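*Asks:* So I've got this file, coords.csv, and it contains CSV, C-alpha atoms:
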chain,number,residue,atom,x,y,z
A,13,MET,CA,-29.9,45.3,-30.3
A,14,SER,CA,-33.0,45.7,-28.0
A,15,PHE,CA,-33.7,44.2,-24.6
A,16,ALA,CA,-36.0,41.6,-26.2
A,17,GLU,CA,-33.4,40.5,-28.7
A,18,ARG,CA,-30.7,40.2,-26.1
A,19,MET,CA,-33.0,38.2,-23.8
A,20,ARG,CA,-33.9,35.8,-26.7
A,21,ASP,CA,-30.3,35.4,-27.8
A,22,ARG,CA,-29.0,34.8,-24.3
A,23,ARG,CA,-31.7,32.1,-23.7
A,24,ARG,CA,-30.7,30.3,-26.9
A,25,GLU,CA,-27.1,30.6,-26.0
A,26,LEU,CA,-27.7,28.7,-22.8
A,27,GLY,CA,-29.7,26.1,-24.7
A,28,MET,CA,-32.8,26.9,-22.7
A,29,THR,CA,-36.3,26.6,-24.1
A,30,ARG,CA,-39.1,29.1,-23.5
A,31,PRO,CA,-41.0,26.7,-21.2
A,32,GLU,CA,-37.8,26.0,-19.2
A,33,LEU,CA,-37.2,29.8,-18.7
A,34,ALA,CA,-40.9,30.3,-17.9
A,35,LYS,CA,-40.7,27.7,-15.1
A,36,ARG,CA,-37.6,29.4,-13.6
A,37,LEU,CA,-39.4,32.7,-13.6
A,38,ASN,CA,-42.8,31.3,-12.5
A,39,VAL,CA,-44.6,32.8,-15.5
A,40,SER,CA,-46.2,31.3,-18.6
A,41,ALA,CA,-44.4,30.4,-21.8
A,42,SER,CA,-46.6,32.9,-23.6
A,43,ALA,CA,-45.2,35.6,-21.2
A,44,ILE,CA,-41.7,34.7,-22.3
A,45,SER,CA,-42.8,35.0,-25.9
A,46,ASN,CA,-44.2,38.4,-25.2
A,47,TYR,CA,-41.0,39.6,-23.6
A,48,GLU,CA,-38.9,38.3,-26.5
A,49,ASN,CA,-41.1,39.9,-29.1
A,50,ALA,CA,-41.3,43.3,-27.2
A,51,VAL,CA,-45.1,42.9,-26.7
A,52,SER,CA,-44.7,43.4,-23.0
A,53,ALA,CA,-41.9,43.9,-20.5
A,54,PRO,CA,-41.3,41.9,-17.3
A,55,LYS,CA,-42.1,43.5,-14.0
A,56,GLU,CA,-39.5,44.4,-11.4
A,57,ASP,CA,-39.7,41.1,-9.4
A,58,ILE,CA,-39.6,39.0,-12.6
A,59,LEU,CA,-36.6,41.1,-13.9
A,60,LEU,CA,-34.6,40.2,-10.8
A,61,ARG,CA,-35.2,36.5,-11.3
A,62,LEU,CA,-34.5,36.9,-15.1
A,63,PHE,CA,-31.0,38.2,-14.5
A,64,ASP,CA,-30.2,35.2,-12.3
A,65,ALA,CA,-31.8,32.7,-14.7
A,66,LEU,CA,-29.8,34.0,-17.6
A,67,ASP,CA,-26.7,34.5,-15.5
A,68,VAL,CA,-26.2,38.1,-16.7
A,69,GLU,CA,-25.7,41.6,-15.3
A,70,PRO,CA,-28.6,44.0,-15.8
A,71,ASN,CA,-26.4,46.2,-18.1
A,72,TYR,CA,-26.0,43.3,-20.5
A,73,LEU,CA,-29.7,43.2,-21.4
A,74,PHE,CA,-30.2,47.0,-21.2
A,75,GLN,CA,-26.9,48.4,-22.5
A,76,ASP,CA,-27.9,49.2,-26.1
A,77,SER,CA,-31.4,50.6,-25.3
A,78,PHE,CA,-29.9,52.6,-22.5
A,79,THR,CA,-27.2,54.0,-24.7
A,80,ALA,CA,-29.8,55.0,-27.3
A,81,ARG,CA,-32.0,56.7,-24.7
A,82,SER,CA,-29.2,58.3,-22.7
A,83,SER,CA,-28.6,60.9,-25.4
A,84,THR,CA,-32.1,62.3,-24.7
A,85,MET,CA,-31.8,62.1,-20.9
A,86,THR,CA,-30.7,64.9,-18.6
A,87,PRO,CA,-27.6,64.3,-16.5
A,88,ASN,CA,-29.9,64.1,-13.4
A,89,GLU,CA,-32.1,61.4,-15.0
A,90,ILE,CA,-29.0,59.3,-15.9
A,91,LYS,CA,-27.8,59.7,-12.3
A,92,LEU,CA,-31.1,58.6,-10.9
A,93,ILE,CA,-31.0,55.4,-13.1
A,94,GLU,CA,-27.5,54.6,-11.9
A,95,ARG,CA,-28.5,55.1,-8.3
A,96,TYR,CA,-31.5,52.8,-8.8
A,97,ARG,CA,-29.3,50.1,-10.2
A,98,GLY,CA,-27.2,50.2,-7.1
A,99,LEU,CA,-30.1,49.5,-4.8
A,100,THR,CA,-30.9,46.2,-3.1
A,101,ALA,CA,-34.0,44.2,-4.1
A,102,LYS,CA,-35.9,45.7,-1.2
A,103,GLY,CA,-34.8,49.2,-2.1
A,104,ARG,CA,-36.0,48.6,-5.7
A,105,GLN,CA,-39.4,47.3,-4.4
A,106,ALA,CA,-39.8,50.4,-2.3
A,107,ILE,CA,-39.1,52.7,-5.3
A,108,ALA,CA,-41.5,50.6,-7.4
A,109,ALA,CA,-44.3,51.0,-4.8
A,110,VAL,CA,-43.8,54.8,-4.8
A,111,LEU,CA,-43.9,55.0,-8.6
A,112,ASP,CA,-47.1,52.8,-8.7
A,113,VAL,CA,-48.9,55.2,-6.3
A,114,ALA,CA,-47.6,58.3,-8.3
A,115,GLU,CA,-49.0,56.7,-11.5
A,116,GLU,CA,-52.3,55.9,-9.9
A,117,LYS,CA,-52.6,59.4,-8.5
A,118,HIS,CA,-51.9,60.9,-11.9
A,119,SER,CA,-54.6,58.7,-13.5
A,120,GLY,CA,-57.1,59.6,-10.7
A,121,LYS,CA,-56.9,56.3,-8.8
A,122,VAL,CA,-55.5,57.0,-5.4
A,123,HIS,CA,-54.6,54.1,-3.1
A,124,ARG,CA,-52.9,53.9,0.2
A,125,LEU,CA,-49.1,53.7,-0.1
A,126,GLU,CA,-47.8,50.4,1.4
A,127,LEU,CA,-44.1,50.4,1.8
A,128,PRO,CA,-42.2,47.5,3.2
A,129,ARG,CA,-42.6,47.4,7.0
A,130,PRO,CA,-39.4,48.2,9.0
A,131,VAL,CA,-38.3,45.1,10.9
A,132,ARG,CA,-36.0,44.2,13.8
A,133,GLN,CA,-34.5,40.9,14.8
A,134,ILE,CA,-35.0,38.7,17.8
A,135,PRO,CA,-33.5,35.3,18.7
A,136,LEU,CA,-35.5,32.2,18.0
A,137,PHE,CA,-34.3,29.3,20.3
A,138,VAL,CA,-34.3,26.2,18.1
A,139,SER,CA,-33.0,23.2,20.1
A,140,PRO,CA,-35.2,20.2,20.1
A,141,ALA,CA,-37.2,19.7,23.3
A,142,ALA,CA,-38.9,16.7,25.0
A,143,ALA,CA,-42.7,16.3,24.5
A,144,GLY,CA,-44.7,19.0,26.4
A,145,TYR,CA,-41.7,21.3,26.8
A,146,VAL,CA,-40.6,24.4,24.9
A,147,SER,CA,-37.0,24.7,23.8
A,148,PRO,CA,-34.6,25.7,26.5
A,149,VAL,CA,-34.3,29.5,26.5
A,150,LEU,CA,-30.9,30.3,28.0
A,151,GLY,CA,-27.5,29.1,26.8
A,152,GLU,CA,-28.8,27.2,23.7
A,153,GLU,CA,-28.4,27.4,20.0
A,154,TYR,CA,-30.6,30.1,18.3
A,155,GLU,CA,-31.2,31.9,15.0
A,156,MET,CA,-32.2,35.5,14.4
A,157,ILE,CA,-35.7,36.1,12.9
A,158,ASP,CA,-37.4,39.2,11.7
A,159,VAL,CA,-40.4,40.8,13.6
A,160,ASP,CA,-42.2,44.0,13.0
A,161,THR,CA,-40.8,47.0,14.9
A,162,THR,CA,-44.1,47.5,16.6
A,163,ASP,CA,-44.0,43.9,18.0
A,164,ARG,CA,-43.2,43.8,21.8
A,165,ALA,CA,-41.5,40.3,21.5
A,166,GLN,CA,-38.0,40.1,22.8
A,167,PHE,CA,-37.3,36.5,21.9
A,168,ALA,CA,-39.2,33.4,20.5
A,169,VAL,CA,-39.3,29.7,21.3
A,170,ARG,CA,-40.5,26.7,19.4
A,171,ILE,CA,-43.1,24.5,21.1
A,172,SER,CA,-43.0,20.7,21.2
A,173,GLY,CA,-45.9,18.6,22.4
A,174,ASP,CA,-49.7,18.9,22.7
A,175,SER,CA,-50.1,20.2,26.3
A,176,MET,CA,-51.1,23.7,25.1
A,177,GLU,CA,-53.4,22.6,22.3
A,178,PRO,CA,-55.6,23.8,20.6
A,179,TYR,CA,-54.3,27.3,21.3
A,180,ILE,CA,-50.6,26.7,20.8
A,181,HIS,CA,-49.8,23.9,18.4
A,182,ASP,CA,-47.0,21.3,18.4
A,183,GLY,CA,-44.1,22.8,16.4
A,184,SER,CA,-45.4,26.3,16.4
A,185,ILE,CA,-43.4,29.4,17.4
A,186,VAL,CA,-44.5,31.7,20.3
A,187,TYR,CA,-43.2,35.2,20.9
A,188,VAL,CA,-42.2,36.2,24.4
A,189,THR,CA,-41.7,39.5,26.2
A,190,ARG,CA,-39.9,39.8,29.5
A,191,GLU,CA,-42.8,41.3,31.4
A,192,PRO,CA,-44.1,40.3,34.9
A,193,LEU,CA,-47.0,37.7,34.7
A,194,GLN,CA,-50.4,38.0,36.2
A,195,ASN,CA,-52.6,35.1,37.2
A,196,GLY,CA,-54.0,33.5,34.0
A,197,ASP,CA,-51.1,34.7,31.8
A,198,ILE,CA,-49.2,32.2,29.6
A,199,GLY,CA,-45.5,32.2,30.2
A,200,VAL,CA,-42.2,30.4,29.6
A,201,PHE,CA,-40.8,28.8,32.8
A,202,CYS,CA,-37.8,26.8,33.9
A,203,VAL,CA,-38.4,24.3,36.8
A,204,ASP,CA,-35.4,22.4,38.0
A,205,ASN,CA,-33.7,22.9,34.5
A,206,ASP,CA,-36.8,21.7,32.6
A,207,THR,CA,-38.4,24.4,30.4
A,208,PHE,CA,-42.2,24.7,30.0
A,209,CYS,CA,-44.8,26.8,28.3
A,210,LYS,CA,-47.8,26.9,30.8
A,211,GLN,CA,-50.6,29.1,32.2
A,212,TYR,CA,-49.5,30.7,35.4
A,213,TYR,CA,-51.4,30.9,38.7
A,214,LYS,CA,-50.3,31.7,42.2
A,215,ASP,CA,-52.8,31.3,45.1
A,216,PRO,CA,-53.0,33.4,48.2
A,217,LEU,CA,-50.9,30.8,50.2
A,218,GLY,CA,-48.0,31.0,47.7
A,219,MET,CA,-48.7,27.8,45.9
A,220,VAL,CA,-47.7,28.1,42.2
A,221,TYR,CA,-49.5,26.2,39.5
A,222,LEU,CA,-48.4,25.8,35.9
A,223,PHE,CA,-51.4,24.6,34.0
A,224,SER,CA,-51.7,23.0,30.6
A,225,LEU,CA,-54.3,24.6,28.4
A,226,ASN,CA,-55.1,21.2,27.0
A,227,ARG,CA,-57.0,19.8,30.1
A,228,SER,CA,-56.8,16.3,28.7
A,229,ARG,CA,-53.0,16.7,29.5
A,230,ALA,CA,-53.6,17.8,33.1
A,231,ASP,CA,-50.9,15.2,33.9
A,232,ALA,CA,-48.4,17.7,32.5
A,233,ASP,CA,-49.4,20.4,35.1
A,234,VAL,CA,-46.7,21.5,37.5
A,235,VAL,CA,-47.5,22.3,41.1
A,236,LEU,CA,-45.0,24.0,43.3
A,237,PRO,CA,-45.7,24.4,47.0
A,238,PRO,CA,-43.8,27.1,48.8
A,239,SER,CA,-41.9,24.5,50.8
A,240,SER,CA,-41.1,22.3,47.8
A,241,GLY,CA,-37.5,23.5,47.5
A,242,ARG,CA,-37.7,23.3,43.7
A,243,SER,CA,-36.3,26.1,41.6
A,244,LEU,CA,-38.6,28.2,39.5
A,245,ASN,CA,-37.6,30.9,37.0
A,246,CYS,CA,-40.0,32.8,34.7
A,247,PHE,CA,-38.4,33.8,31.4
A,248,GLY,CA,-41.3,36.0,30.2
A,249,LYS,CA,-44.9,36.3,29.1
A,250,VAL,CA,-46.1,34.7,25.9
A,251,LEU,CA,-47.8,37.2,23.5
A,252,ILE,CA,-51.0,35.5,22.5
A,253,LYS,CA,-54.5,36.8,21.8
A,254,GLY,CA,-57.5,35.7,23.8
A,255,TYR,CA,-58.6,35.1,27.3
A,256,PHE,CA,-57.9,31.7,28.9
A,257,PRO,CA,-59.9,30.9,32.0
A,258,LEU,CA,-58.2,29.1,34.8
A,259,PRO,CA,-59.1,25.5,35.5
A,260,GLU,CA,-62.0,24.8,37.9
A,261,GLY,CA,-60.8,24.9,41.5
A,262,ALA,CA,-58.0,27.4,40.8
A,263,ARG,CA,-60.3,30.5,40.7
Mind turning this structure into structure tokens?
*Replies:*
Amino acid sequence: MSFAERMRDRRRELGMTRPELAKRLNVSASAISNYENAVSAPKEDILLRLFDALDVEPNYLFQDSFTARSSTMTPNEIKLIERYRGLTAKGRQAIAAVLDVAEEKHSGKVHRLELPRPVRQIPLFVSPAAAGYVSPVLGEEYEMIDVDTTDRAQFAVRISGDSMEPYIHDGSIVYVTREPLQNGDIGVFCVDNDTFCKQYYKDPLGMVYLFSLNRSRADADVVLPPSSGRSLNCFGKVLIKGYFPLPEGAR
């Protein structure tokens, strides 16, 4: 029995129509018909979803066709197939990308190889915050998120409020690196246990200003004279593209 026949029989066994299976695989009903009539074969990403949709192991759909072919395969070819089946979904995608490039090179079409980018994880602090504040950075609940290995970010925070519009939107995530700030940089600060995302400026007399980029929310600025006695901690510099001029009177 071929792959196409096993796929069709398993679908019928589950009492599933072609349109129902097509919806689960995010393909057309005609594509399902083509698979079941051996007109075409599903691609790698569709195959992975197909195994889940039909609730079967890969060997179930392929076992007879594999057995028939294995007699003509070398031991090394069989070993490679077994190794491939043991890969994760990401591993299979990487192999598929390499094969696509090899086939294109053989046909004279050469494209740049694009393998999945290596990633690392940083904490995203997720607790809700009052309007105009970012989520507290230390000692709060967080989740780990993926970033590119070339990214300098060391943690991320979620913004709440409109005081940094239109450059940083309410509900958006900003990425932060623990680097010293220069005047005009955007940073994450804690003032008397309240946490803010603001533009930093310190004048020659030691007065610290934390400005809102949204100047219609100048009421949310924080001003800290040297003698205020208030606590100020800087958690890091927000990684954001662009230059943001300081408000008039602070330059």
*Asks:* Could you check which of A:Leu60, A:Val159, A:Leu217, A:Ala65 is closest to Arg23 in chain A, using all atoms listed in the file?
*Replies:*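 Checking each candidate against Arg23 in chain A, we get A:Ala65 as the closest.
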*Asks:* Can you tell me how far CA of Thr161 in chain A sits from CA of Arg190 in chain A, in Å to one decimal?
*Replies:*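 Here the two named atoms are 16.3 Å from each other.
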*Asks:* Using only C-alpha atoms, determine which residues lie at most 10 Å from Asp57 in chain A, disregarding the query and same-chain residues fewer than 2 positions distant; provide the list as a list in words.
*Replies:*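 Surrounding residues, per the criterion: Leu37, Pro54, Lys55, Leu59, Leu60, Arg61, Leu62, Ala101, Arg104, Gln105 and Ala108 of chain A.
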*Asks:* Just the selected residues (C-alpha atoms), exported as a CSV table (one decimal), in the frame of the given file, please.
*Replies:*
chain,number,residue,atom,x,y,z
A,37,LEU,CA,-39.4,32.7,-13.6
A,54,PRO,CA,-41.3,41.9,-17.3
A,55,LYS,CA,-42.1,43.5,-14.0
A,59,LEU,CA,-36.6,41.1,-13.9
A,60,LEU,CA,-34.6,40.2,-10.8
A,61,ARG,CA,-35.2,36.5,-11.3
A,62,LEU,CA,-34.5,36.9,-15.1
A,101,ALA,CA,-34.0,44.2,-4.1
A,104,ARG,CA,-36.0,48.6,-5.7
A,105,GLN,CA,-39.4,47.3,-4.4
A,108,ALA,CA,-41.5,50.6,-7.4
*Asks:* Quick one: pull the distance between CA of Arg22 in chain A and CA of Glu94 in chain A, Å, one decimal.
*Replies:* 23.4 Å
*Asks:* Between A:Val169, A:Leu66, A:Leu193, A:Val203, which is the closest to Glu25 in chain A once you count only C-alpha atoms?
*Replies:*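 That would be A:Leu66, the residue with the smallest distance to Glu25 in chain A.
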*Asks:* Report, in Å to a single decimal, how far apart CA of Ile171 in chain A and CA of Leu222 in chain A are.
*Replies:*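 That distance, rounded to one decimal, is 15.8 Å.
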*Asks:* Choose the residue, out of A:Val131, A:Leu33, A:Cys246, A:Ala109, that has the smallest atom-to-atom separation from Asp163 in chain A; count all atoms listed in the file.
*Replies:*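 Ranking A:Val131, A:Leu33, A:Cys246, A:Ala109 by distance to Asp163 in chain A, first place goes to A:Val131.
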*Asks:* Quick one: residues within 10 Å of Ala165 in chain A, all atoms listed in the file counted, chain neighbours fewer than 4 positions away excluded, as a tab-separated table (two decimals) with C-alpha atoms, in the coordinates of the input?
*Replies:*
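around16.tsv written:
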chain	number	residue	atom	x	y	z
A	133	GLN	CA	-34.50	40.90	14.80
A	134	ILE	CA	-35.00	38.70	17.80
A	135	PRO	CA	-33.50	35.30	18.70
A	159	VAL	CA	-40.40	40.80	13.60
A	160	ASP	CA	-42.20	44.00	13.00
A	161	THR	CA	-40.80	47.00	14.90
A	186	VAL	CA	-44.50	31.70	20.30
A	187	TYR	CA	-43.20	35.20	20.90
A	188	VAL	CA	-42.20	36.20	24.40
A	189	THR	CA	-41.70	39.50	26.20
A	190	ARG	CA	-39.90	39.80	29.50
A	248	GLY	CA	-41.30	36.00	30.20
A	249	LYS	CA	-44.90	36.30	29.10
A	250	VAL	CA	-46.10	34.70	25.90
A	251	LEU	CA	-47.80	37.20	23.50
